[in-house]
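In what follows, a structure is listed as structure tokens, so that the remarks can point back to it.
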Amino acid sequence: MLLNHQQSFKELDALLEAIRTIFVLLIQRESLKEESIEKWRWDYPVITLTWVADRMNRNINVLAGYSQENGYLSTTPEPIIEVVEVNVWKDVDESEGIRVRNWRHEVIVRKAKAGRVQDRLELIERSIQLAYKEASHITDDQLDRKTIIASENTAFY
Amino acid sequence: MFVEYYRYLSDPSEVAQVIHERRIQSMNLVAGRATWYSAIRYDNPIDAQRTLALPHVPSHRVGPVAELQMPPLDIKPRPLAPAFGYPGGGVEVRTVFPVHIFGLLDFQKRHWDL
């Protein structure tokens, strides 16, 4: 569910910013190349770290949200991590106008809730380290999904 | 090829904004009202979710907005990455400016007749 309450946006953004700090440290420690960090894509409380290694694109997505137990926009909402996941992909032009995405998707954590902010951040940090380990070890032959996507030769680009 | 843009929505307050103000713009102030569009028209919301790699199915589509009517883009057309179990591969752009869409406003009643 999208959030339309500015206070909720602010709370979730604070959580996303804390995750950004973890991402920045990870970029520095691992010397990631062609890296970027982006948040709030399509208005969702998501933050994404993307980088390229071994000619494959890799990302870690962290989607935040609110605990359903407390109810949407209740008086005591508690931000939670809905999901930490990784994707690795490589796009290939197979024939004229046909571009194929070879990709792999792994969920690292789903519905992680922790009481105190510090506990939550530690949990997130552990999850991101685990996600990085997973994403950075995926090799070309482990891309187990194949999807035809829009060619970059189309008028869109 | 003539490019048109569409926005896929799930936020009820943004849907209301389109209906009552004939304006397309994200409600999210912390993200600077950055507003995402796709260059692809989806009639099926599941296809939109899959290709735009969204965590939830959008409830509404608004558009088309012709390329020439789009405000300056801070993210130019780019292919979408996979996310949330979906392959992505669609095309997205982003602007921080509003788009005003066609309407017939009755100035006296402050009501959109069309």
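If you're wondering about the labels, chains in the structure tokens are A, B, ... by order shown, residues count from 1 in each chain, ligands from 1 in order shown.
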Do a neighbour search on segment 107-112 of chain A at 8 Å with only C-alpha atoms, toss out local chain neighbours closer than 4 positions, and write the hits as number ranges by chain. A: 80-86, 127, 130-131
Preceding selection exported with C-alpha atoms as a PDB file, in the first residue's frame:
```pdb
ATOM      1  CA  ILE A  80       9.305  -2.335   9.397  1.00  0.00           C
ATOM      2  CA  ILE A  81      11.368  -3.863   6.642  1.00  0.00           C
ATOM      3  CA  GLU A  82       8.993  -5.505   4.213  1.00  0.00           C
ATOM      4  CA  VAL A  83      11.702  -7.167   2.201  1.00  0.00           C
ATOM      5  CA  VAL A  84      15.435  -7.230   1.536  1.00  0.00           C
ATOM      6  CA  GLU A  85      16.136  -8.811  -1.824  1.00  0.00           C
ATOM      7  CA  VAL A  86      18.818  -9.086  -4.461  1.00  0.00           C
ATOM      8  CA  SER A 127      20.495  -8.450   6.220  1.00  0.00           C
ATOM      9  CA  LEU A 130      23.964 -11.176   3.756  1.00  0.00           C
ATOM     10  CA  ALA A 131      22.332  -9.708   0.640  1.00  0.00           C
TER      11      ALA A 131
END
```
Quick one: residues within 7 Å of Glu14 of chain B, only C-alpha atoms counted, chain neighbours fewer than 4 positions away excluded, as an NGL selection string? :B and (18 or 26-27)
Return as a PyMOL selection string the residues belonging to chain B that are within 6 Å of chain A, counting only C-alpha atoms. chain B and resi 1+11+36+77+89
Can you write just those residues out, N, CA and C atoms, as a PDB file, in the first residue's frame?
```
ATOM      1  N   MET B   1       8.890   7.492 -34.210  1.00  0.00           N
ATOM      2  CA  MET B   1       7.795   6.998 -33.363  1.00  0.00           C
ATOM      3  C   MET B   1       7.376   8.083 -32.370  1.00  0.00           C
ATOM      4  N   ASP B  11      -2.002   5.496  -5.014  1.00  0.00           N
ATOM      5  CA  ASP B  11      -2.269   6.361  -3.874  1.00  0.00           C
ATOM      6  C   ASP B  11      -3.617   7.059  -4.071  1.00  0.00           C
ATOM      7  N   TRP B  36       7.075   9.587 -11.331  1.00  0.00           N
ATOM      8  CA  TRP B  36       7.562   8.613 -12.314  1.00  0.00           C
ATOM      9  C   TRP B  36       6.500   8.322 -13.361  1.00  0.00           C
ATOM     10  N   PRO B  77      14.610   8.568 -20.322  1.00  0.00           N
ATOM     11  CA  PRO B  77      14.159   7.187 -20.496  1.00  0.00           C
ATOM     12  C   PRO B  77      15.262   6.169 -20.224  1.00  0.00           C
ATOM     13  N   GLY B  89      12.373  -4.245 -17.086  1.00  0.00           N
ATOM     14  CA  GLY B  89      12.552  -4.212 -18.530  1.00  0.00           C
ATOM     15  C   GLY B  89      11.690  -3.160 -19.211  1.00  0.00           C
TER      16      GLY B  89
END
```
Using DSSP on the backbone coordinates, identify all residues within chain A classified as helix (DSSP H, G or I); present the result as a ChimeraX atom specification. /A:6-30,41-43,68-70,117-137,140-142
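For the atom pair formed by atom CA of Pro87 of chain B and atom CA of Gln49 of chain B, the distance is 9.8 Å, given to one decimal.
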Hey, what's within 7 Å of segment 62-71 of chain B if we count only C-alpha atoms and toss same-chain stuff fewer than 2 positions away? As a list in words, please? Val3, Glu4, Tyr5, Tyr6, Arg7, Tyr8, His60, Leu73, Thr95, Phe97 and Val99 of chain B
Would you return as number ranges by chain the members of chain A that DSSP assigns to strand (DSSP E or B) on this structure's backbone? A: 33-39, 46-53, 56-66, 79-95, 98-112, 145-149
Neighbours of Glu34 of chain A within 9 Å (only C-alpha atoms; same-chain residues fewer than 6 positions away dropped), as an NGL selection string? :A and (50-53)
Within 6 Å of Val96 of chain B using only C-alpha atoms, minus same-chain residues under 3 positions, as a ChimeraX atom specification: /B:33-35
Mind pulling up the distance from atom CA of Thr21 of chain A to atom CA of His137 of chain A? 22.7 Å
